[in-house]
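Undergrad: This is the content of query12.cif (mmCIF, C-alpha atoms):
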```cif
data_data
loop_
_atom_site.label_atom_id
_atom_site.label_comp_id
_atom_site.auth_asym_id
_atom_site.auth_seq_id
_atom_site.Cartn_x
_atom_site.Cartn_y
_atom_site.Cartn_z
CA MET L 30 -82.93 -123.66 40.92
CA LYS L 31 -80.37 -122.22 43.34
CA TYR L 32 -83.11 -121.44 45.89
CA LEU L 33 -84.60 -124.92 45.47
CA PHE L 34 -81.17 -126.42 46.22
CA TYR L 35 -80.87 -124.41 49.45
CA LEU L 36 -84.42 -125.36 50.48
CA VAL L 37 -83.65 -129.06 50.01
CA LEU L 38 -80.38 -128.61 51.92
CA ILE L 39 -82.16 -126.95 54.85
CA LEU L 40 -84.89 -129.60 54.99
CA THR L 41 -82.35 -132.40 54.83
CA SER L 42 -80.19 -130.89 57.55
CA CYS L 43 -83.26 -130.60 59.80
CA ALA L 44 -84.17 -134.28 59.41
CA ARG L 45 -84.02 -136.12 62.73
CA ALA L 46 -80.96 -138.36 63.00
CA PRO L 47 -81.43 -141.92 64.27
CA LEU L 48 -80.58 -142.48 67.92
CA LYS L 49 -77.10 -143.98 68.34
CA ARG L 50 -75.91 -143.19 71.88
CA VAL L 51 -77.59 -144.06 75.17
CA GLU L 52 -76.55 -140.61 76.45
CA ASP L 53 -78.91 -139.07 73.88
CA SER L 54 -81.85 -141.41 74.61
CA MET L 55 -83.67 -138.96 76.92
CA ARG L 56 -83.40 -135.56 78.59
CA PRO L 57 -85.22 -133.62 81.35
CA ALA L 58 -88.61 -132.56 80.00
CA GLY L 59 -88.89 -128.84 79.38
CA SER L 60 -92.66 -128.95 79.93
CA PRO L 61 -93.47 -131.86 82.27
CA PRO L 62 -96.90 -133.47 81.71
CA VAL L 63 -99.71 -133.64 84.24
CA LEU L 64 -99.41 -137.14 85.69
CA THR L 65 -102.74 -138.97 85.66
CA ASP L 66 -103.49 -142.68 85.81
CA THR L 67 -106.68 -144.09 84.28
CA LEU L 68 -106.06 -147.61 85.62
CA SER L 69 -106.81 -148.60 89.22
CA ARG L 70 -104.65 -147.72 92.19
CA GLU L 71 -104.80 -151.39 93.19
CA SER L 72 -103.26 -152.51 89.89
CA PHE L 73 -100.46 -149.97 90.24
CA PHE L 74 -99.41 -150.97 93.75
CA ALA L 75 -99.74 -154.69 93.03
CA THR L 76 -97.46 -154.25 90.02
CA LEU L 77 -95.08 -152.03 91.98
CA ARG L 78 -94.66 -154.63 94.74
CA LYS L 79 -93.95 -157.48 92.28
CA HIS L 80 -91.65 -155.20 90.31
CA ILE L 81 -89.53 -154.20 93.32
CA ASP L 82 -89.26 -157.76 94.68
CA VAL L 83 -87.76 -159.04 91.42
CA MET L 84 -85.77 -155.89 90.69
CA LYS L 85 -83.66 -156.40 93.81
CA THR L 86 -82.29 -159.71 92.54
CA SER L 87 -82.59 -159.49 88.74
CA ARG L 88 -79.29 -159.67 86.90
CA MET L 89 -80.96 -158.35 83.73
CA ILE L 90 -81.16 -154.82 85.16
CA THR L 91 -77.98 -152.86 84.65
CA ASP L 92 -76.39 -151.17 87.64
CA PRO L 93 -76.15 -148.23 87.54
CA MET L 94 -79.34 -147.51 85.63
CA THR L 95 -78.83 -145.01 82.80
CA PHE L 96 -81.27 -142.20 82.02
CA GLY L 97 -79.63 -140.36 79.16
CA GLU L 98 -76.64 -138.62 80.70
CA LYS L 99 -77.74 -139.37 84.28
CA LYS L 100 -76.86 -142.56 86.14
CA ILE L 101 -78.52 -143.87 89.31
CA SER L 102 -77.60 -147.00 91.25
CA LYS L 103 -80.19 -149.76 91.18
CA ALA L 104 -80.32 -149.76 95.00
CA ASP L 105 -81.11 -146.03 95.11
CA TYR L 106 -83.80 -146.39 92.46
CA VAL L 107 -85.41 -149.23 94.43
CA LEU L 108 -85.43 -147.08 97.57
CA ALA L 109 -87.22 -144.31 95.66
CA LEU L 110 -89.84 -146.76 94.39
CA GLU L 111 -90.37 -148.20 97.88
CA GLU L 112 -91.06 -144.73 99.27
CA ILE L 113 -94.17 -144.52 97.05
CA PHE L 114 -95.88 -147.08 99.34
CA ASN L 115 -95.90 -144.43 102.09
CA HIS L 116 -98.05 -142.13 99.93
CA GLN L 117 -100.85 -144.34 98.64
CA ASN L 118 -103.60 -141.77 99.10
CA ASP L 119 -101.93 -139.15 96.89
CA TRP L 120 -99.53 -141.35 94.94
CA THR L 121 -99.72 -139.57 91.58
CA ASP L 122 -99.29 -136.13 93.16
CA TRP L 123 -96.40 -137.36 95.29
CA ILE L 124 -94.63 -138.93 92.32
CA SER L 125 -95.06 -135.71 90.31
CA VAL L 126 -93.27 -133.73 93.03
CA HIS L 127 -90.52 -136.21 93.94
CA PHE L 128 -89.66 -137.58 90.52
CA GLU L 129 -88.38 -135.69 87.49
CA PHE L 130 -89.84 -136.35 84.05
CA TYR L 131 -87.34 -137.31 81.34
CA GLU L 132 -88.70 -137.22 77.78
CA VAL L 133 -87.44 -139.90 75.40
CA TYR L 134 -85.62 -139.09 72.17
CA GLY L 135 -88.67 -140.05 70.13
CA LYS L 136 -89.06 -140.76 66.45
CA ASP L 137 -89.92 -137.33 65.04
CA ASP L 138 -89.59 -135.19 68.16
CA TRP L 139 -88.69 -135.42 71.84
CA GLY L 140 -91.17 -137.45 73.89
CA GLU L 141 -93.12 -138.80 70.90
CA VAL L 142 -93.41 -142.57 70.47
CA MET L 143 -95.24 -145.06 68.31
CA SER L 144 -97.12 -147.34 70.72
CA THR L 145 -98.12 -150.87 69.75
CA GLY L 146 -99.55 -153.66 71.90
CA TYR L 147 -98.82 -157.29 72.68
CA TYR L 148 -100.73 -160.05 74.48
CA GLU L 149 -100.68 -163.78 75.28
CA PRO L 150 -102.42 -165.85 72.58
CA LYS L 151 -104.57 -168.85 73.56
CA VAL L 152 -104.92 -171.46 70.82
CA MET L 153 -105.98 -175.06 70.31
CA GLY L 154 -103.28 -177.64 69.60
CA SER L 155 -102.17 -181.25 69.74
CA LYS L 156 -99.43 -183.34 71.34
CA ILE L 157 -98.82 -185.03 67.99
CA ARG L 158 -98.75 -183.78 64.41
CA THR L 159 -102.10 -183.74 62.58
CA ASP L 160 -103.32 -182.33 59.26
CA ILE L 161 -104.68 -179.25 61.07
CA PHE L 162 -102.07 -178.91 63.83
CA SER L 163 -99.08 -179.29 61.55
CA GLN L 164 -96.63 -176.71 62.93
CA PRO L 165 -94.49 -177.45 66.01
CA ILE L 166 -93.62 -175.04 68.77
CA TYR L 167 -89.93 -175.73 69.33
CA SER L 168 -87.75 -175.62 72.41
CA THR L 169 -84.20 -174.26 72.08
CA PRO L 170 -82.00 -176.45 69.83
CA ASP L 171 -78.82 -177.89 71.35
CA ASP L 172 -76.72 -176.58 68.47
CA LEU L 173 -77.76 -172.94 68.95
CA VAL L 174 -74.69 -171.00 70.07
CA THR L 175 -74.94 -167.53 71.60
CA ILE L 176 -72.04 -165.15 71.00
CA ASN L 177 -71.83 -161.94 73.02
CA LEU L 178 -69.53 -159.70 71.00
CA LYS L 179 -69.09 -157.40 74.01
CA LYS L 180 -66.74 -160.09 75.33
CA PHE L 181 -64.53 -159.28 72.32
CA ALA L 182 -64.79 -155.49 72.58
CA ASP L 183 -61.03 -155.05 72.23
CA LYS L 184 -61.30 -156.42 68.68
CA PHE L 185 -63.66 -153.64 67.55
CA SER L 186 -63.64 -149.86 67.29
CA LYS L 187 -64.32 -148.05 70.56
CA GLY L 188 -67.99 -147.11 70.93
CA GLU L 189 -69.12 -149.53 68.21
CA LYS L 190 -72.49 -151.16 68.96
CA LEU L 191 -71.84 -154.86 69.60
CA PRO L 192 -74.81 -157.23 69.31
CA VAL L 193 -75.39 -160.71 70.67
CA LEU L 194 -75.30 -163.22 67.81
CA ALA L 195 -76.95 -166.62 67.39
CA ALA L 196 -74.97 -169.17 65.41
CA ARG L 197 -74.36 -172.87 64.76
CA LEU L 198 -71.16 -174.84 64.32
CA GLU L 199 -70.62 -176.73 61.06
CA ASN L 200 -67.28 -178.36 60.22
CA SER L 201 -65.53 -176.18 62.82
CA THR L 202 -67.00 -173.05 61.21
CA LEU L 203 -69.50 -170.71 62.89
CA LEU L 204 -72.48 -169.94 60.63
CA PRO L 205 -75.68 -167.91 61.12
CA TYR L 206 -78.41 -170.05 62.67
CA TYR L 207 -81.22 -171.37 60.45
CA ASP L 208 -83.86 -168.86 59.34
CA ARG L 209 -87.63 -169.46 59.24
CA LYS L 210 -87.63 -171.10 55.81
CA ALA L 211 -84.85 -173.49 56.78
CA ILE L 212 -86.69 -174.47 59.96
CA ASP L 213 -90.29 -174.69 58.72
CA VAL L 214 -89.87 -175.67 55.05
CA ASP L 215 -86.51 -177.45 54.92
CA GLN L 216 -87.21 -179.14 58.28
CA LYS L 217 -83.72 -178.55 59.70
CA LEU L 218 -84.93 -179.28 63.26
CA LYS L 219 -86.86 -182.43 62.44
CA ASN L 220 -86.17 -185.57 64.57
CA LYS L 221 -84.34 -183.58 67.26
CA ASN L 222 -87.10 -184.10 69.87
CA LEU L 223 -87.67 -180.34 70.26
CA GLU L 224 -91.45 -180.26 69.69
CA LEU L 225 -93.34 -178.91 72.73
CA ALA L 226 -96.75 -178.91 71.00
CA TRP L 227 -98.32 -178.81 67.53
CA VAL L 228 -100.59 -175.94 66.43
CA GLU L 229 -101.89 -174.36 63.24
CA PRO L 230 -99.10 -172.58 61.28
CA VAL L 231 -100.59 -169.09 61.55
CA ASP L 232 -101.16 -169.55 65.30
CA ALA L 233 -97.54 -170.65 65.72
CA PHE L 234 -96.36 -167.57 63.83
CA PHE L 235 -98.29 -165.14 66.03
CA ILE L 236 -97.27 -166.94 69.23
CA GLN L 237 -93.71 -166.26 68.14
CA ILE L 238 -94.46 -162.60 67.51
CA GLN L 239 -95.97 -162.25 71.00
CA GLY L 240 -93.19 -164.28 72.64
CA THR L 241 -95.63 -166.28 74.76
CA GLY L 242 -98.78 -168.35 74.43
CA THR L 243 -101.08 -171.01 75.89
CA VAL L 244 -101.97 -174.17 73.98
CA GLN L 245 -105.05 -176.19 74.92
CA PHE L 246 -105.24 -179.84 73.91
CA PRO L 247 -108.44 -181.76 73.01
CA ASP L 248 -108.49 -183.44 76.46
CA GLY L 249 -108.68 -180.02 78.14
CA GLU L 250 -105.05 -179.91 79.31
CA LYS L 251 -103.32 -176.55 78.87
CA ILE L 252 -99.63 -175.73 78.59
CA ARG L 253 -98.21 -172.23 78.78
CA PHE L 254 -95.06 -171.34 76.89
CA GLY L 255 -92.66 -168.44 77.30
CA TYR L 256 -89.73 -167.00 75.35
CA ALA L 257 -86.50 -168.99 75.65
CA SER L 258 -84.24 -167.85 72.77
CA GLN L 259 -84.14 -166.54 69.21
CA ASN L 260 -82.36 -167.54 66.01
CA GLY L 261 -80.52 -164.23 65.61
CA HIS L 262 -82.17 -163.14 62.37
CA PRO L 263 -83.76 -159.65 62.17
CA TYR L 264 -87.50 -159.29 62.64
CA PHE L 265 -89.52 -158.28 59.59
CA ALA L 266 -93.17 -157.21 59.91
CA VAL L 267 -94.96 -159.21 57.20
CA GLY L 268 -97.69 -156.55 57.04
CA LYS L 269 -95.22 -154.36 55.14
CA SER L 270 -95.42 -156.82 52.24
CA LEU L 271 -99.23 -156.96 52.23
CA THR L 272 -100.11 -153.36 51.40
CA ASP L 273 -101.47 -154.47 48.00
CA PHE L 274 -104.16 -156.37 49.91
CA ILE L 275 -104.57 -154.31 53.11
CA PRO L 276 -104.30 -150.49 53.07
CA LYS L 277 -101.43 -149.33 55.26
CA GLU L 278 -103.72 -147.22 57.46
CA GLU L 279 -105.95 -150.28 58.07
CA MET L 280 -103.14 -152.76 58.77
CA SER L 281 -103.74 -154.83 61.92
CA MET L 282 -103.04 -158.29 63.26
CA GLN L 283 -106.68 -159.26 62.70
CA LYS L 284 -106.64 -158.26 59.03
CA ILE L 285 -103.32 -159.98 58.42
CA LYS L 286 -104.78 -163.20 59.86
CA LEU L 287 -107.89 -162.90 57.69
CA HIS L 288 -105.75 -162.43 54.58
CA LEU L 289 -103.53 -165.42 55.41
CA GLN L 290 -106.62 -167.61 55.78
CA THR L 291 -107.52 -166.91 52.13
CA LEU L 292 -104.21 -168.37 50.89
CA SER L 293 -103.14 -171.92 50.16
CA LYS L 294 -100.76 -173.50 52.68
CA ASP L 295 -97.79 -172.99 50.35
CA ASP L 296 -98.60 -169.32 49.67
CA GLN L 297 -99.30 -168.78 53.34
CA GLN L 298 -95.87 -170.16 54.24
CA LYS L 299 -94.20 -167.94 51.62
CA VAL L 300 -95.64 -164.88 53.37
CA LEU L 301 -94.52 -166.12 56.80
CA ASN L 302 -91.02 -166.84 55.48
CA ARG L 303 -90.55 -163.12 54.80
CA ASN L 304 -89.91 -162.83 58.53
CA PRO L 305 -86.67 -164.84 59.02
CA SER L 306 -86.72 -164.33 62.80
CA TYR L 307 -87.68 -167.43 64.80
CA ILE L 308 -88.50 -167.79 68.51
CA PHE L 309 -87.89 -170.87 70.66
CA PHE L 310 -89.88 -171.55 73.83
CA LYS L 311 -89.89 -173.16 77.25
CA LYS L 312 -92.77 -174.40 79.41
CA LEU L 313 -93.96 -172.06 82.16
CA ASP L 314 -95.53 -172.91 85.52
CA GLY L 315 -96.75 -169.37 86.24
CA GLU L 316 -97.28 -166.09 84.41
CA PRO L 317 -95.06 -165.24 81.42
CA LEU L 318 -91.82 -163.61 82.49
CA THR L 319 -90.44 -160.43 80.99
CA TYR L 320 -86.86 -159.88 79.87
CA ALA L 321 -86.03 -158.35 83.28
CA GLY L 322 -87.52 -161.34 85.13
CA MET L 323 -90.80 -159.85 86.37
CA GLU L 324 -94.17 -161.41 85.62
CA VAL L 325 -96.07 -159.40 83.01
CA SER L 326 -98.71 -157.02 84.36
CA ASN L 327 -101.76 -156.17 82.25
CA GLY L 328 -101.65 -152.57 81.09
CA ARG L 329 -98.51 -151.83 83.12
CA THR L 330 -95.65 -153.72 81.44
CA ILE L 331 -93.89 -152.07 78.51
CA ALA L 332 -91.19 -153.28 76.14
CA THR L 333 -88.55 -150.90 74.75
CA ASP L 334 -85.14 -151.07 73.09
CA LEU L 335 -82.82 -152.30 75.86
CA HIS L 336 -79.83 -150.62 74.18
CA PHE L 337 -81.23 -147.18 75.03
CA PHE L 338 -83.79 -147.45 77.84
CA PRO L 339 -83.28 -148.80 81.38
CA LYS L 340 -85.03 -152.03 82.34
CA GLY L 341 -86.60 -151.71 85.79
CA ALA L 342 -87.50 -148.03 85.44
CA MET L 343 -90.93 -146.53 86.06
CA ALA L 344 -92.36 -144.39 83.28
CA PHE L 345 -95.43 -142.40 82.29
CA LEU L 346 -97.12 -143.43 79.05
CA ASP L 347 -99.69 -141.02 77.61
CA ILE L 348 -101.61 -142.90 74.91
CA GLU L 349 -105.01 -143.55 73.39
CA GLU L 350 -106.63 -146.98 73.41
CA PRO L 351 -109.23 -148.44 71.00
CA GLU L 352 -112.90 -148.86 71.88
CA PHE L 353 -115.06 -151.40 70.02
CA GLU L 354 -118.80 -151.79 69.51
CA THR L 355 -118.70 -155.57 70.04
CA SER L 356 -116.12 -158.16 71.10
CA SER L 357 -115.93 -159.51 67.53
CA ASP L 358 -115.17 -156.20 65.80
CA ILE L 359 -111.77 -155.79 64.15
CA THR L 360 -112.08 -152.03 63.60
CA PRO L 361 -112.36 -149.62 66.58
CA LYS L 362 -115.36 -147.31 66.79
CA SER L 363 -113.25 -144.67 68.58
CA TRP L 364 -110.07 -143.99 70.54
CA LYS L 365 -109.95 -142.94 74.19
CA LYS L 366 -107.18 -141.20 76.18
CA MET L 367 -105.76 -143.74 78.65
CA PRO L 368 -102.59 -142.37 80.30
CA ARG L 369 -100.97 -144.50 83.00
CA LEU L 370 -97.82 -145.30 84.93
CA VAL L 371 -95.91 -148.23 83.46
CA PHE L 372 -92.77 -150.27 84.16
CA ASP L 373 -90.05 -150.94 81.60
CA GLN L 374 -89.60 -154.69 81.98
CA ASP L 375 -89.48 -156.18 78.50
CA THR L 376 -87.98 -155.97 75.03
CA GLY L 377 -88.84 -157.28 71.57
CA GLY L 378 -87.40 -157.94 68.14
CA ALA L 379 -89.52 -155.23 66.51
CA ILE L 380 -89.14 -152.67 69.30
CA LYS L 381 -86.06 -150.75 68.20
CA GLY L 382 -84.89 -147.16 68.45
CA GLY L 383 -85.75 -144.11 70.50
CA GLY L 384 -89.40 -143.80 69.48
CA ARG L 385 -90.96 -147.25 70.00
CA VAL L 386 -92.84 -148.80 72.90
CA ASP L 387 -94.95 -151.97 73.19
CA LEU L 388 -97.65 -152.24 75.88
CA TYR L 389 -98.76 -155.60 77.32
CA TYR L 390 -102.54 -156.05 77.38
CA GLY L 391 -103.09 -159.49 78.94
CA GLN L 392 -104.51 -162.86 77.95
CA ASP L 393 -108.22 -162.58 77.16
CA GLU L 394 -110.04 -161.83 73.90
CA SER L 395 -110.22 -158.14 74.77
CA ALA L 396 -106.42 -158.08 75.07
CA SER L 397 -106.06 -159.64 71.62
CA GLN L 398 -108.62 -157.23 70.16
CA LYS L 399 -106.85 -154.14 71.52
CA ALA L 400 -103.28 -155.25 70.91
CA GLY L 401 -104.06 -156.25 67.32
CA VAL L 402 -104.96 -152.70 66.25
CA MET L 403 -102.63 -150.66 68.47
CA LYS L 404 -100.49 -148.39 66.30
CA GLN L 405 -100.88 -145.04 68.02
CA HIS L 406 -98.67 -142.03 68.54
CA GLY L 407 -98.24 -141.10 72.18
CA LYS L 408 -95.79 -139.66 74.71
CA LEU L 409 -93.32 -141.50 76.93
CA TYR L 410 -91.50 -140.06 79.94
CA TYR L 411 -89.17 -141.86 82.34
CA LEU L 412 -89.38 -140.99 86.03
CA VAL L 413 -86.10 -140.19 87.79
CA PRO L 414 -85.96 -139.52 91.57
CA ARG L 415 -85.17 -135.90 92.37
CA ALA L 416 -83.54 -136.61 95.76
CA LEU L 417 -82.15 -139.85 97.11
#
```
Before we go any further, please render this structure as structure tokens.
TA:
Amino acid sequence: MKYLFYLVLILTSCARAPLKRVEDSMRPAGSPPVLTDTLSRESFFATLRKHIDVMKTSRMITDPMTFGEKKISKADYVLALEEIFNHQNDWTDWISVHFEFYEVYGKDDWGEVMSTGYYEPKVMGSKIRTDIFSQPIYSTPDDLVTINLKKFADKFSKGEKLPVLAARLENSTLLPYYDRKAIDVDQKLKNKNLELAWVEPVDAFFIQIQGTGTVQFPDGEKIRFGYASQNGHPYFAVGKSLTDFIPKEEMSMQKIKLHLQTLSKDDQQKVLNRNPSYIFFKKLDGEPLTYAGMEVSNGRTIATDLHFFPKGAMAFLDIEEPEFETSSDITPKSWKKMPRLVFDQDTGGAIKGGGRVDLYYGQDESASQKAGVMKQHGKLYYLVPRAL
């Protein structure tokens, strides 16, 4: 028994601690990867140009940018990115020489990440409530108050992680904002003129998960919506509560949707209510915008935890992507290595910690098909200029 105790002690002490400090979020890679890019050169440089143009003025990019224990001014990082345009014939080789690879903290080991995918849903809807299109897409309520606790840092312990809270004022008392059940079942936002469009409940739920969407009305008119705000409640992946119906290894967006379609409206809503997080939207004239202010770029935009990883940075994502027999399949026939350069522009309620990344796939059916099954282990490295 004594030896068993020591074995358990050793295994426990070797368990990887959760990431808590930005200084520990990444480190220079001991064995840098071979940088290859399976997407087109044209898509890279088009994304790079849009990225730099917005990066110069975006207030959502911290200055200096933090790469673990190393800090670089935003202006210097922009200069390093601009220099890549002078080496378009050998861009990947040039980047490998002039940028240093920093491996992220990871979930189980340095550099390792769980990669998921997101996309822009396109659904049918209505400008008024109907029996089918019964769920509104809401704009931000007037009574939603945002509280940045960093403004009150002197009231907390030094080094304590201070979140941004969403609240409402009731009888001069600040309370947490309404959760999903209060909004969708108890109708707390009814008659406030916040409805942007009406869609099917499951479509509304997945538009919220993706943070963007396009609704087409019966007359052919289309409206695109983008993320505006959130109710402050933590995100819960409803798939975690459906393992009695869908094996964990087979869990995907497509299979969750199929299961929800077998339920009554009341039972369907009970499942959706397990995720108390709620997203509010605004109308968009152009492409959906990321957290950092850039337009999303298919296959090049990633979302990470903004508490640990620098928005605006270029990175190398080494992942596999699904391949399908037909456009209607919900299970991949195989997985193919698809490494590429990416840009950290976005964030998400479910993308937390040092070992998570979400890759944007686009707007078409192929994007939905790929993003819905993405749940792959990969490698993520940030690229830091060697000389400025």
Undergrad: Might you pull out every residue within 12 Å of segment 117-119 of chain L, with all atoms listed in the file counted and same-chain residues fewer than 4 positions away left off, and present them as an NGL selection string?
TA: :L and (64-66 or 69-71 or 73-75 or 77 or 111-113 or 123-126)
Undergrad: List as a list of chain:residue names the protein and nucleic acid residues near segment 157-166 of chain L, meaning an atom at most 6 Å away when only C-alpha atoms are counted, but skip any in the same chain fewer than 5 places from it.
TA: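 Final neighbour list, sorted by chain and number: L:Glu224, L:Leu225, L:Ala226, L:Trp227, L:Val228, L:Glu229, L:Pro230.
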Undergrad: For Gly322 of chain L, which residue out of L:Lys340, L:Arg369, L:Leu346, L:Tyr307 is the nearest one, using only C-alpha atoms?
TA: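 Of all the options, L:Lys340 lies closest to Gly322 of chain L.
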Undergrad: One decimal, in Å: what's the spacing between atom CA of Ser306 of chain L and atom CA of Leu48 of chain L?
TA: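 If I compute the distance from atom CA of Ser306 of chain L to atom CA of Leu48 of chain L, I get 23.3 Å.
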Undergrad: In Å, rounded to a single decimal, give me how far atom CA of Ile236 of chain L is from atom CA of Tyr320 of chain L.
TA: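 Separating atom CA of Tyr320 of chain L from atom CA of Ile236 of chain L is a distance of 16.5 Å.
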Undergrad: To one decimal place in Å, what is the distance between atom CA of Tyr410 of chain L and atom CA of Ala344 of chain L?
TA: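 Calculated distance between atom CA of Tyr410 of chain L and atom CA of Ala344 of chain L is 5.5 Å.
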Undergrad: Could you state which residues are captured by the PyMOL selection byres ((chain L and resi 388) around 6) in this file, as a PyMOL selection string?
TA: chain L and resi 146+331+387+389
